[in-house]
Amino acid sequence: GIGAMVYGSVPAKLLRLVLAAYLVYAVRPYAKEFNEYCRRLAEGMSNPSIVYKAQLNNGQTIILNDYLDAYFWLRDKTPKDARVMAWWDYGYQITGISDRTTIADGNTWNHEHIATLGKMFASPEEESHAIVRHVADYVLVWTGGGGDDLAKSPHMARIGNSVYPGLCPGDPTCRMFGFMDRQGTPTPMMARSMLYRLIMHNRRQGVVANETMWREVYSSKYQKVRIFK
């Protein structure tokens, strides 16, 4: 038709080329900026910092190497065939630095695998131990506030519940697993969980991990990492 003839005409083709060239020219600065942003982000994600400067409450500046020290402890103080359970974020670090088998790592393509890990952390202590004792020899947790495992715990519960809906019955977002106020008062589900018991063991009044199930074998200098056998 006429429209097709106009679209295929030489002036129309030239106009499209001009418009395309203009668009490339116009977005070039943004493309360069986006490329630089992606490069910086990739470098940051591929080189996670586990040793860094920090400041104590008294203003003293320190080098915080709790995480590295914990990985060295695993490497030097545990059997070569020891299996370490930790949230998947630290899996590659445990494998690479500690040279130990970890239950999960950043290769999270297997959703059921990560969901099972989340279920073990978020379930009541006794229920979790019944599973953990078959798959791991040590449990490593990040503690001490900030981006520790308690801060990540809502994600653990939600991911676990996505495969095991009995974890948070009738509550797909697991709102029952968390804290009730800014003072860190745990919900009943949180208070019963293995994760909370191990992180707060002897650090919060009345919170003690069951000593017939767990034995704390390592606690880092600035209380950022705890390891239980």
# chains A, B, ... in the order shown; residues from 1 in each chain; ligands from 1
>>> residues_around(residues="stretch 95-103 of chain A", least_positions_apart="6", cutoff="10 Å", atoms="only C-alpha atoms", output="PyMOL selection string")
chain A and resi 68-88+113-114+117+135-136+138-139
>>> select_by_dssp(residues="chain A", states="strand (DSSP E or B)", output="PyMOL selection string")
chain A and resi 52-55+61-64+83-85+101-102+124+138-142+179+186+193+216-219+225-228
>>> select_by_dssp(residues="stretch 100-168 of chain A", states="helix (DSSP H, G or I)", output="PyMOL selection string")
chain A and resi 111-122+125-135+149-163
>>> residues_around(residues="stretch 212-229 of chain A", least_positions_apart="2", cutoff="8 Å", atoms="only C-alpha atoms", output="number ranges by chain")
A: 64, 66-67, 69-70, 129, 137-144, 148, 198-199, 209-210
>>> atom_distance(atom1="atom CA of A:Gly118", atom2="atom CA of A:Ile159")
6.3 Å
>>> residues_around(residues="A:Asp89", least_positions_apart="2", cutoff="9 Å", atoms="only C-alpha atoms", output="PyMOL selection string")
chain A and resi 86-87+91-93+104-106
>>> atom_distance(atom1="atom CA of A:Met200", atom2="atom CA of A:Ile94")
22.4 Å
>>> residues_around(residues="A:Phe177", least_positions_apart="5", cutoff="12 Å", atoms="only C-alpha atoms", output="number ranges by chain")
A: 118-119, 121-124, 150-158, 160-161, 167-169, 171-172, 185-193, 195-196
>>> atom_distance(atom1="atom CA of A:Thr116", atom2="atom CA of A:Pro165")
11.5 Å
